[in-house]
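Heads up, start20.cif below (mmCIF, C-alpha atoms):
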data_query
loop_
_atom_site.label_atom_id
_atom_site.label_comp_id
_atom_site.auth_asym_id
_atom_site.auth_seq_id
_atom_site.Cartn_x
_atom_site.Cartn_y
_atom_site.Cartn_z
CA MET A 1 -27.06 -12.14 0.81
CA GLU A 2 -30.78 -12.38 1.58
CA GLN A 3 -33.17 -12.56 -1.35
CA LYS A 4 -33.91 -9.18 -2.91
CA ARG A 5 -36.57 -8.10 -5.40
CA ILE A 6 -34.83 -6.94 -8.56
CA VAL A 7 -36.42 -5.46 -11.68
CA VAL A 8 -34.45 -5.91 -14.90
CA GLY A 9 -35.53 -3.39 -17.51
CA VAL A 10 -34.60 -4.19 -21.10
CA ALA A 11 -34.62 -1.53 -23.81
CA GLY A 12 -34.67 -2.20 -27.54
CA GLY A 13 -31.14 -2.75 -28.80
CA ILE A 14 -29.05 -5.54 -30.26
CA ALA A 15 -27.36 -5.97 -26.87
CA ALA A 16 -30.68 -7.13 -25.37
CA PHE A 17 -29.45 -10.72 -25.67
CA LYS A 18 -27.01 -10.05 -22.80
CA ALA A 19 -29.95 -9.27 -20.54
CA CYS A 20 -30.73 -13.00 -20.55
CA THR A 21 -27.42 -13.70 -18.82
CA VAL A 22 -27.97 -10.81 -16.41
CA VAL A 23 -31.32 -12.31 -15.38
CA ARG A 24 -29.85 -15.79 -15.03
CA GLN A 25 -26.93 -14.60 -12.87
CA LEU A 26 -29.19 -12.58 -10.58
CA LYS A 27 -31.50 -15.57 -10.20
CA GLU A 28 -28.55 -17.85 -9.44
CA ALA A 29 -27.52 -15.39 -6.72
CA GLY A 30 -30.83 -16.17 -5.03
CA HIS A 31 -32.84 -13.07 -5.92
CA SER A 32 -36.40 -12.64 -7.16
CA VAL A 33 -36.19 -11.13 -10.65
CA ARG A 34 -38.91 -9.58 -12.77
CA VAL A 35 -38.17 -8.52 -16.34
CA VAL A 36 -39.85 -5.38 -17.69
CA PRO A 37 -38.92 -4.89 -21.37
CA THR A 38 -39.96 -2.21 -23.82
CA GLU A 39 -42.02 -3.13 -26.87
CA SER A 40 -38.95 -2.73 -29.06
CA ALA A 41 -36.91 -5.03 -26.79
CA LEU A 42 -39.33 -7.86 -27.60
CA LYS A 43 -38.41 -7.51 -31.26
CA PHE A 44 -34.96 -8.81 -30.26
CA ILE A 45 -35.84 -11.27 -27.45
CA ALA A 46 -39.26 -12.90 -27.09
CA ALA A 47 -41.23 -12.51 -23.86
CA ALA A 48 -41.25 -16.29 -23.39
CA THR A 49 -37.46 -16.27 -22.97
CA PHE A 50 -37.58 -13.73 -20.16
CA GLU A 51 -40.52 -15.53 -18.52
CA ALA A 52 -38.66 -18.83 -18.57
CA LEU A 53 -35.49 -17.29 -17.09
CA SER A 54 -37.22 -15.21 -14.42
CA GLY A 55 -40.20 -17.40 -13.57
CA GLN A 56 -42.43 -14.31 -13.66
CA PRO A 57 -44.83 -12.87 -16.26
CA VAL A 58 -43.58 -10.29 -18.72
CA HIS A 59 -45.57 -7.22 -19.77
CA THR A 60 -44.66 -3.97 -21.50
CA GLY A 61 -47.77 -1.80 -21.15
CA VAL A 62 -49.72 -0.33 -18.25
CA PHE A 63 -53.07 -1.87 -19.24
CA GLU A 64 -52.30 -5.51 -18.37
CA ASN A 65 -53.38 -6.64 -14.90
CA VAL A 66 -54.69 -3.15 -14.22
CA ASP A 67 -56.17 -4.22 -10.88
CA GLU A 68 -52.61 -4.72 -9.59
CA VAL A 69 -51.56 -1.22 -10.75
CA PRO A 70 -48.23 -2.66 -12.01
CA HIS A 71 -46.74 0.64 -13.21
CA VAL A 72 -46.75 1.73 -9.54
CA ARG A 73 -46.41 -1.51 -7.59
CA ILE A 74 -43.39 -2.96 -9.43
CA GLY A 75 -41.23 0.09 -8.74
CA GLN A 76 -42.49 0.55 -5.19
CA GLN A 77 -41.64 -3.03 -4.21
CA ALA A 78 -38.21 -3.23 -5.88
CA ASP A 79 -34.95 -3.33 -3.95
CA LEU A 80 -32.99 -2.59 -7.13
CA VAL A 81 -33.73 -1.72 -10.75
CA VAL A 82 -31.21 -2.66 -13.44
CA VAL A 83 -31.72 -1.41 -17.01
CA ALA A 84 -29.60 -3.41 -19.44
CA PRO A 85 -29.28 -2.39 -22.15
CA ALA A 86 -30.17 1.25 -21.55
CA THR A 87 -30.47 2.82 -24.99
CA ALA A 88 -30.16 6.52 -25.77
CA ASP A 89 -33.93 6.67 -26.24
CA LEU A 90 -34.69 4.96 -22.92
CA MET A 91 -32.34 7.24 -20.96
CA ALA A 92 -33.80 10.30 -22.69
CA ARG A 93 -37.30 9.25 -21.65
CA ALA A 94 -36.14 8.47 -18.11
CA ALA A 95 -34.36 11.83 -17.80
CA ALA A 96 -37.48 13.62 -19.05
CA GLY A 97 -39.68 11.81 -16.52
CA ARG A 98 -41.79 10.10 -19.18
CA ALA A 99 -44.16 7.32 -18.14
CA ASP A 100 -45.42 6.05 -21.50
CA ASP A 101 -44.81 2.34 -20.88
CA LEU A 102 -44.40 -0.05 -17.96
CA LEU A 103 -40.62 0.37 -17.73
CA THR A 104 -40.56 4.17 -17.56
CA GLY A 105 -43.50 4.10 -15.14
CA THR A 106 -41.54 1.70 -12.96
CA LEU A 107 -38.50 3.99 -13.04
CA LEU A 108 -40.64 6.93 -11.85
CA THR A 109 -42.03 5.04 -8.87
CA ALA A 110 -38.83 3.25 -7.80
CA ARG A 111 -37.24 4.60 -4.62
CA CYS A 112 -34.43 2.05 -4.60
CA PRO A 113 -31.03 2.25 -6.33
CA VAL A 114 -31.31 2.31 -10.14
CA LEU A 115 -28.48 1.07 -12.35
CA PHE A 116 -28.38 1.97 -16.05
CA ALA A 117 -26.03 -0.02 -18.31
CA PRO A 118 -25.81 1.99 -21.56
CA ALA A 119 -25.44 0.45 -25.00
CA MET A 120 -25.41 2.48 -28.21
CA HIS A 121 -23.15 3.65 -31.01
CA THR A 122 -20.20 5.84 -30.08
CA GLU A 123 -21.65 8.93 -31.78
CA MET A 124 -24.87 8.55 -29.79
CA TRP A 125 -23.01 8.07 -26.49
CA PHE A 126 -20.96 11.25 -27.01
CA HIS A 127 -23.84 13.34 -28.41
CA PRO A 128 -24.52 16.39 -26.20
CA ALA A 129 -28.13 15.28 -25.70
CA THR A 130 -27.05 11.92 -24.29
CA THR A 131 -24.30 13.57 -22.24
CA ASP A 132 -26.87 15.90 -20.67
CA ASN A 133 -29.32 13.06 -20.03
CA VAL A 134 -26.65 10.94 -18.35
CA ALA A 135 -25.60 13.90 -16.18
CA THR A 136 -29.24 14.47 -15.20
CA LEU A 137 -29.74 10.83 -14.24
CA ARG A 138 -26.53 10.81 -12.18
CA ARG A 139 -27.43 14.08 -10.47
CA ARG A 140 -30.68 12.46 -9.34
CA GLY A 141 -28.77 9.64 -7.70
CA ASN A 142 -28.96 7.00 -10.42
CA VAL A 143 -25.88 4.96 -11.33
CA VAL A 144 -25.04 5.11 -15.03
CA LEU A 145 -22.22 2.76 -15.93
CA GLU A 146 -19.42 3.72 -18.24
CA PRO A 147 -19.87 1.59 -21.38
CA ALA A 148 -17.21 -0.77 -22.64
CA SER A 149 -15.23 -0.23 -25.83
CA GLY A 150 -15.33 -2.82 -28.58
CA ARG A 151 -17.29 -4.15 -31.52
CA LEU A 152 -20.67 -2.49 -32.03
CA THR A 153 -23.42 -3.23 -34.52
CA GLY A 154 -22.09 -3.79 -38.02
CA ALA A 155 -18.43 -2.99 -38.59
CA ASP A 156 -18.24 -0.14 -36.08
CA THR A 157 -15.96 -0.25 -33.04
CA GLY A 158 -15.60 2.13 -30.10
CA PRO A 159 -17.06 3.19 -26.74
CA GLY A 160 -20.74 2.34 -26.35
CA ARG A 161 -20.65 -1.43 -26.07
CA LEU A 162 -22.74 -2.93 -23.27
CA PRO A 163 -20.48 -4.18 -20.45
CA GLU A 164 -20.41 -7.93 -20.01
CA ALA A 165 -23.18 -9.44 -17.91
CA GLU A 166 -20.83 -10.34 -15.07
CA GLU A 167 -19.71 -6.73 -14.74
CA ILE A 168 -23.32 -5.53 -14.60
CA THR A 169 -24.35 -8.10 -11.98
CA THR A 170 -21.20 -7.45 -9.95
CA LEU A 171 -22.07 -3.76 -9.69
CA ALA A 172 -25.71 -4.62 -9.05
CA GLY A 173 -24.56 -6.78 -6.14
CA LEU A 174 -22.44 -3.89 -4.86
CA LEU A 175 -25.46 -1.58 -4.76
CA LEU A 176 -27.38 -4.18 -2.76
CA GLU A 177 -24.44 -4.67 -0.37
CA ARG A 178 -23.86 -0.94 0.12
CA GLY A 179 -27.53 -0.21 0.58
CA ASP A 180 -27.14 3.12 -1.18
CA ALA A 181 -26.21 4.56 -4.56
CA LEU A 182 -22.66 4.63 -5.85
CA PRO A 183 -21.56 8.29 -5.87
CA TYR A 184 -20.17 9.80 -9.05
CA ASP A 185 -17.48 11.72 -7.18
CA MET A 186 -14.22 10.92 -8.98
CA ALA A 187 -14.86 12.69 -12.26
CA GLY A 188 -11.65 14.15 -13.66
CA VAL A 189 -9.36 12.29 -11.23
CA LYS A 190 -6.54 10.34 -12.90
CA VAL A 191 -5.99 7.06 -11.10
CA LEU A 192 -3.29 4.42 -11.55
CA VAL A 193 -4.04 0.95 -10.13
CA THR A 194 -1.80 -2.12 -10.08
CA ALA A 195 -3.23 -5.63 -9.72
CA GLY A 196 -2.32 -9.30 -9.83
CA GLY A 197 0.85 -11.19 -9.08
CA THR A 198 4.18 -10.78 -10.82
CA ARG A 199 6.10 -13.70 -12.28
CA GLU A 200 9.88 -13.85 -12.02
CA PRO A 201 11.30 -16.16 -14.72
CA LEU A 202 13.68 -18.95 -13.73
CA ASP A 203 14.03 -20.51 -17.18
CA PRO A 204 11.86 -20.56 -20.34
CA VAL A 205 9.38 -22.87 -18.58
CA ARG A 206 9.39 -22.01 -14.87
CA PHE A 207 8.86 -18.89 -12.80
CA ILE A 208 8.58 -17.77 -9.19
CA GLY A 209 5.10 -16.40 -8.53
CA ASN A 210 2.40 -16.02 -5.90
CA ARG A 211 -1.27 -16.81 -5.37
CA SER A 212 -2.68 -13.37 -6.15
CA SER A 213 -5.64 -13.52 -8.55
CA GLY A 214 -5.84 -9.77 -9.17
CA LYS A 215 -9.52 -9.64 -8.17
CA GLN A 216 -9.10 -6.94 -5.53
CA GLY A 217 -7.10 -4.60 -7.77
CA TYR A 218 -9.55 -5.14 -10.63
CA ALA A 219 -12.42 -4.35 -8.26
CA VAL A 220 -10.75 -1.06 -7.23
CA ALA A 221 -10.21 -0.12 -10.89
CA ARG A 222 -13.81 -1.03 -11.76
CA VAL A 223 -15.31 1.00 -8.91
CA MET A 224 -13.03 3.97 -9.59
CA ALA A 225 -14.06 4.04 -13.26
CA GLN A 226 -17.76 3.79 -12.45
CA ARG A 227 -17.38 6.70 -10.03
CA GLY A 228 -16.01 8.82 -12.87
CA ALA A 229 -12.23 8.47 -12.58
CA ASP A 230 -9.87 8.22 -15.55
CA VAL A 231 -8.32 4.85 -14.68
CA THR A 232 -5.26 3.02 -15.97
CA LEU A 233 -4.77 -0.51 -14.67
CA ILE A 234 -1.35 -2.20 -14.69
CA ALA A 235 -2.16 -5.90 -14.62
CA GLY A 236 0.19 -8.75 -13.83
CA ASN A 237 -0.95 -12.36 -13.69
CA THR A 238 -4.72 -12.08 -13.22
CA SER A 239 -6.04 -15.57 -14.01
CA GLY A 240 -7.79 -14.43 -17.17
CA LEU A 241 -9.95 -11.70 -15.59
CA ALA A 242 -11.90 -9.63 -18.12
CA ASP A 243 -10.78 -6.02 -18.47
CA PRO A 244 -13.13 -3.68 -16.53
CA ALA A 245 -15.31 -1.42 -18.66
CA GLY A 246 -14.00 2.11 -19.07
CA VAL A 247 -10.48 1.21 -17.91
CA GLU A 248 -7.25 1.30 -19.91
CA VAL A 249 -5.29 -1.87 -19.16
CA VAL A 250 -1.51 -2.33 -19.46
CA HIS A 251 -0.35 -5.93 -19.10
CA ILE A 252 3.03 -6.75 -17.53
CA GLY A 253 4.80 -9.86 -16.30
CA SER A 254 7.65 -9.27 -13.87
CA ALA A 255 8.27 -6.90 -10.96
CA ALA A 256 10.78 -4.98 -13.05
CA GLN A 257 8.18 -4.49 -15.80
CA LEU A 258 5.62 -3.34 -13.24
CA GLY A 259 8.12 -0.87 -11.79
CA ALA A 260 8.90 0.51 -15.23
CA ALA A 261 5.18 0.93 -16.00
CA VAL A 262 4.55 2.76 -12.71
CA THR A 263 7.54 5.04 -13.34
CA LYS A 264 6.18 5.88 -16.79
CA LEU A 265 2.53 6.42 -15.86
CA ALA A 266 2.59 7.76 -12.28
CA PRO A 267 3.64 11.36 -13.15
CA GLU A 268 0.21 11.97 -14.72
CA ALA A 269 -1.76 10.35 -11.91
CA GLN A 270 -3.32 11.93 -8.83
CA VAL A 271 -3.98 8.63 -7.08
CA LEU A 272 -1.84 5.48 -7.03
CA VAL A 273 -3.32 2.24 -5.67
CA MET A 274 -0.68 -0.48 -5.40
CA ALA A 275 -2.85 -3.60 -5.08
CA ALA A 276 -0.48 -5.84 -7.04
CA ALA A 277 1.34 -8.65 -5.25
CA VAL A 278 4.87 -7.72 -6.30
CA ALA A 279 7.58 -10.35 -5.83
CA ASP A 280 10.19 -9.32 -3.28
CA PHE A 281 12.88 -11.48 -4.92
CA ARG A 282 13.85 -12.78 -8.36
CA PRO A 283 16.40 -15.33 -9.57
CA ALA A 284 19.85 -13.81 -9.96
CA GLN A 285 20.30 -15.73 -13.21
CA VAL A 286 17.66 -16.70 -15.76
CA ALA A 287 18.56 -19.86 -17.66
CA THR A 288 18.24 -19.58 -21.43
CA ALA A 289 17.27 -23.28 -21.66
CA LYS A 290 15.04 -25.39 -19.48
CA ILE A 291 16.81 -26.59 -16.33
CA LYS A 292 16.87 -30.37 -16.76
CA LYS A 293 16.28 -33.00 -14.11
CA ARG A 294 19.24 -35.39 -14.39
CA VAL A 295 18.45 -39.09 -14.22
CA ASP A 296 21.76 -39.99 -12.56
CA ASP A 297 21.65 -37.17 -9.96
CA ASP A 298 19.05 -36.85 -7.19
CA SER A 299 20.22 -33.41 -6.09
CA ALA A 300 18.25 -30.27 -6.89
CA PRO A 301 19.85 -27.15 -8.32
CA SER A 302 20.21 -24.19 -5.98
CA VAL A 303 18.66 -20.90 -7.00
CA GLU A 304 20.29 -17.66 -5.94
CA LEU A 305 17.80 -14.85 -5.35
CA VAL A 306 18.29 -11.10 -5.50
CA ARG A 307 16.01 -8.43 -4.16
CA ASN A 308 13.56 -6.54 -6.40
CA ASP A 309 13.12 -2.80 -6.07
CA ASP A 310 10.30 -1.74 -3.77
CA VAL A 311 7.89 -0.09 -6.22
CA LEU A 312 5.59 1.37 -3.57
CA ALA A 313 8.41 2.88 -1.50
CA GLY A 314 9.98 4.16 -4.72
CA ALA A 315 6.77 6.00 -5.63
CA VAL A 316 6.63 7.58 -2.17
CA ARG A 317 10.26 8.76 -2.53
CA ALA A 318 9.59 10.07 -6.02
CA ARG A 319 6.68 12.16 -4.72
CA ALA A 320 8.82 13.53 -1.90
CA ASP A 321 11.51 14.45 -4.43
CA GLY A 322 9.00 16.39 -6.56
CA GLN A 323 8.98 13.86 -9.43
CA LEU A 324 5.23 13.21 -9.07
CA PRO A 325 3.81 16.74 -8.93
CA ASN A 326 0.19 15.64 -9.42
CA MET A 327 0.16 12.80 -6.91
CA LYS A 328 -2.21 13.40 -3.99
CA VAL A 329 -2.83 9.92 -2.54
CA ILE A 330 -0.70 6.76 -2.50
CA VAL A 331 -2.29 3.56 -1.22
CA GLY A 332 -0.41 0.36 -0.49
CA PHE A 333 -1.65 -3.17 0.16
CA ALA A 334 -0.26 -5.71 2.58
CA ALA A 335 -1.06 -9.41 2.92
CA GLU A 336 0.11 -10.32 6.41
CA THR A 337 0.29 -13.16 8.90
CA GLY A 338 1.04 -13.02 12.57
CA ASP A 339 4.16 -14.60 14.05
CA ALA A 340 6.09 -14.79 17.32
CA ASN A 341 6.89 -11.08 17.13
CA GLY A 342 3.32 -9.81 16.75
CA ASP A 343 -0.10 -10.11 15.13
CA VAL A 344 -1.23 -8.96 11.69
CA LEU A 345 -1.89 -5.37 12.76
CA PHE A 346 1.48 -5.12 14.51
CA HIS A 347 3.29 -5.96 11.28
CA ALA A 348 0.94 -3.78 9.22
CA ARG A 349 1.61 -0.70 11.37
CA SER A 350 5.32 -1.26 10.99
CA LYS A 351 4.97 -1.61 7.22
CA LEU A 352 2.91 1.59 6.93
CA LYS A 353 5.60 3.53 8.78
CA ARG A 354 8.36 1.94 6.69
CA LYS A 355 6.66 2.49 3.32
CA GLY A 356 5.53 6.04 4.02
CA CYS A 357 2.30 5.83 1.98
CA ASP A 358 -0.90 7.68 2.87
CA MET A 359 -2.94 4.56 3.51
CA LEU A 360 -2.29 0.83 3.80
CA VAL A 361 -4.99 -1.79 3.17
CA VAL A 362 -4.25 -4.91 5.21
CA ASN A 363 -5.54 -8.45 4.71
CA ALA A 364 -4.91 -11.43 6.96
CA VAL A 365 -3.63 -14.29 4.82
CA GLY A 366 -4.57 -17.91 5.42
CA GLU A 367 -6.54 -20.83 4.03
CA GLY A 368 -9.51 -19.35 2.17
CA LYS A 369 -8.47 -15.79 3.00
CA ALA A 370 -7.31 -12.91 0.81
CA PHE A 371 -5.98 -14.85 -2.20
CA GLU A 372 -8.08 -16.60 -4.85
CA VAL A 373 -11.41 -15.85 -3.15
CA ASP A 374 -14.30 -13.51 -3.99
CA HIS A 375 -14.93 -12.22 -0.44
CA ASN A 376 -12.57 -10.63 2.02
CA ASP A 377 -12.16 -8.34 5.01
CA GLY A 378 -9.32 -6.42 6.63
CA TRP A 379 -8.30 -2.98 7.83
CA MET A 380 -7.40 0.41 6.43
CA LEU A 381 -4.52 2.11 8.24
CA SER A 382 -3.93 5.80 7.55
CA ALA A 383 -0.77 7.81 8.05
CA ASP A 384 -2.59 10.02 10.55
CA GLY A 385 -3.07 7.01 12.84
CA THR A 386 -6.68 6.26 11.91
CA GLU A 387 -7.52 2.55 11.71
CA THR A 388 -10.76 1.36 10.11
CA ALA A 389 -12.04 -2.21 9.97
CA LEU A 390 -13.30 -3.38 6.58
CA GLU A 391 -16.41 -5.51 7.03
CA HIS A 392 -16.52 -8.96 5.47
CA GLY A 393 -18.10 -8.86 2.05
CA SER A 394 -17.36 -9.03 -1.64
CA LYS A 395 -14.07 -7.65 -2.91
CA THR A 396 -16.15 -5.14 -4.85
CA LEU A 397 -17.69 -3.91 -1.58
CA MET A 398 -14.21 -3.67 -0.07
CA ALA A 399 -13.07 -1.73 -3.14
CA SER A 400 -15.94 0.72 -2.75
CA ARG A 401 -15.00 1.35 0.90
CA ILE A 402 -11.39 1.90 -0.11
CA VAL A 403 -12.49 4.39 -2.77
CA ASP A 404 -14.70 6.12 -0.18
CA ALA A 405 -11.59 6.61 1.98
CA ILE A 406 -9.51 7.81 -0.97
CA GLY A 407 -12.24 10.31 -1.84
CA ALA A 408 -12.17 11.61 1.72
CA LEU A 409 -8.38 12.06 1.53
CA LEU A 410 -8.65 13.89 -1.81
CA HIS A 411 -11.31 16.28 -0.56
CA ARG A 412 -9.42 16.86 2.65
#
Could you spell out this file's structure in structure tokens?
Amino acid sequence: MEQKRIVVGVAGGIAAFKACTVVRQLKEAGHSVRVVPTESALKFIAAATFEALSGQPVHTGVFENVDEVPHVRIGQQADLVVVAPATADLMARAAAGRADDLLTGTLLTARCPVLFAPAMHTEMWFHPATTDNVATLRRRGNVVLEPASGRLTGADTGPGRLPEAEEITTLAGLLLERGDALPYDMAGVKVLVTAGGTREPLDPVRFIGNRSSGKQGYAVARVMAQRGADVTLIAGNTSGLADPAGVEVVHIGSAAQLGAAVTKLAPEAQVLVMAAAVADFRPAQVATAKIKKRVDDDSAPSVELVRNDDVLAGAVRARADGQLPNMKVIVGFAAETGDANGDVLFHARSKLKRKGCDMLVVNAVGEGKAFEVDHNDGWMLSADGTETALEHGSKTLMASRIVDAIGALLHR
């Protein structure tokens, strides 16, 4: 991505220390970053720290470098403004259109996407005043992230924790890639997402698995949550990915466990996104002890495989049978290669027809493609025959395009 001019606003809260990592990650991505803190933020992190990380001067008031008119110029020139942490006070001032310091003045003059990452105690987050201020900011086109749940200041725990820096910078990157704001259009929609690879045990030590990292499914869950959906994520093997903010995560291991979790949770969902790489086969027998390699025998043991249930096709059948009364959209994923019978799209079209889902997201698999990478491309095939190419970009960008298409199906 070409270098962009990013303003990082920092409000006064204990979570201000995470802003240092946000600045560092944005700089490492090749962007020009200027930090604009509030006076209270500097009581937590000194200006020298932000200056060293950003390479740019740090001011809080409108009367420094007046000849440059910074309270106007900084916002006008920005490609993105990220406020992390965004306290209840800062968002109240932003919603009211206040311009009593350099940060709020910058927010008033910015015409680029603005991303607020809230951090406050649970009672403050759920207070009607904050709820109204957040709704106002979103109505004006700003992106206000759902906070994470976890340890807060002191002994308190609950929603209101600042999302981790990587989550904030990932969504900041998405706004730059999209070139527009992230719509808050999924409020009230219950979404079930599966992600990661399953592991089919062979003995207490070994398993049959696949190369799926879970990044694409996690990206879909993250984008869905930040667009207002009530998201539950069923996660298989995901290489230690951090749980997305605002998402309930259920961890599973095998295909059978994933199927059981979908059966339990799908009746409440309106959207099912099956991004998990579910094993087609499992060992017929699971050894109770480790299968030993015999010194006096060079032969290898044979492993009999049996077929796993098709979870996606099962969900489609269950909807047709009236067992999923709330389900509006079912999305499948397919990692495909071409062969002597046809190319990737040939096999994908056949799979869409066979599975019977509303939409199939298709990735071409190969060295450096689809699995264990941060960027991807592919196609979206719809049951009505529509085929849409997904441009190459981050998996978060791909997730946002997939959610765009799901939103269109829901509203249709």
For stretch 183-189 of chain A, find every residue with an atom within 12 Å (counting all atoms listed in the file), except residues of its own chain fewer than 3 positions away, and show them as a tab-separated table (two decimals) with C-alpha atoms, keeping the file's coordinate frame.
chain	number	residue	atom	x	y	z
A	113	PRO	CA	-31.03	2.25	-6.33
A	115	LEU	CA	-28.48	1.07	-12.35
A	134	VAL	CA	-26.65	10.94	-18.35
A	135	ALA	CA	-25.60	13.90	-16.18
A	136	THR	CA	-29.24	14.47	-15.20
A	137	LEU	CA	-29.74	10.83	-14.24
A	138	ARG	CA	-26.53	10.81	-12.18
A	139	ARG	CA	-27.43	14.08	-10.47
A	140	ARG	CA	-30.68	12.46	-9.34
A	141	GLY	CA	-28.77	9.64	-7.70
A	142	ASN	CA	-28.96	7.00	-10.42
A	143	VAL	CA	-25.88	4.96	-11.33
A	144	VAL	CA	-25.04	5.11	-15.03
A	145	LEU	CA	-22.22	2.76	-15.93
A	146	GLU	CA	-19.42	3.72	-18.24
A	175	LEU	CA	-25.46	-1.58	-4.76
A	178	ARG	CA	-23.86	-0.94	0.12
A	180	ASP	CA	-27.14	3.12	-1.18
A	192	LEU	CA	-3.29	4.42	-11.55
A	221	ALA	CA	-10.21	-0.12	-10.89
A	223	VAL	CA	-15.31	1.00	-8.91
A	224	MET	CA	-13.03	3.97	-9.59
A	225	ALA	CA	-14.06	4.04	-13.26
A	226	GLN	CA	-17.76	3.79	-12.45
A	227	ARG	CA	-17.38	6.70	-10.03
A	228	GLY	CA	-16.01	8.82	-12.87
A	229	ALA	CA	-12.23	8.47	-12.58
A	230	ASP	CA	-9.87	8.22	-15.55
A	231	VAL	CA	-8.32	4.85	-14.68
A	232	THR	CA	-5.26	3.02	-15.97
A	268	GLU	CA	0.21	11.97	-14.72
A	269	ALA	CA	-1.76	10.35	-11.91
A	270	GLN	CA	-3.32	11.93	-8.83
A	271	VAL	CA	-3.98	8.63	-7.08
A	272	LEU	CA	-1.84	5.48	-7.03
A	326	ASN	CA	0.19	15.64	-9.42
A	327	MET	CA	0.16	12.80	-6.91
A	328	LYS	CA	-2.21	13.40	-3.99
A	329	VAL	CA	-2.83	9.92	-2.54
A	400	SER	CA	-15.94	0.72	-2.75
A	401	ARG	CA	-15.00	1.35	0.90
A	403	VAL	CA	-12.49	4.39	-2.77
A	404	ASP	CA	-14.70	6.12	-0.18
A	406	ILE	CA	-9.51	7.81	-0.97
A	407	GLY	CA	-12.24	10.31	-1.84
A	408	ALA	CA	-12.17	11.61	1.72
A	410	LEU	CA	-8.65	13.89	-1.81
A	411	HIS	CA	-11.31	16.28	-0.56
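Nearest to A:Ile45 of all the residues A:Lys18, A:His31, A:Arg412, A:Arg349 is A:Lys18, counting only C-alpha atoms.
Coordinates place atom CA of A:Leu152 at a distance of 18.3 Å from atom CA of A:Phe116.
Atom CA of A:Leu103 sits 20.8 Å away from atom CA of A:Pro163.
With the shown file loaded, the PyMOL selection byres ((chain A and resi 32) around 9) picks out Gln3, Lys4, Arg5, Ile6, Val7, Leu26, Lys27, Gly30, His31, Val33, Arg34, Ser54 and Gly55 of chain A.
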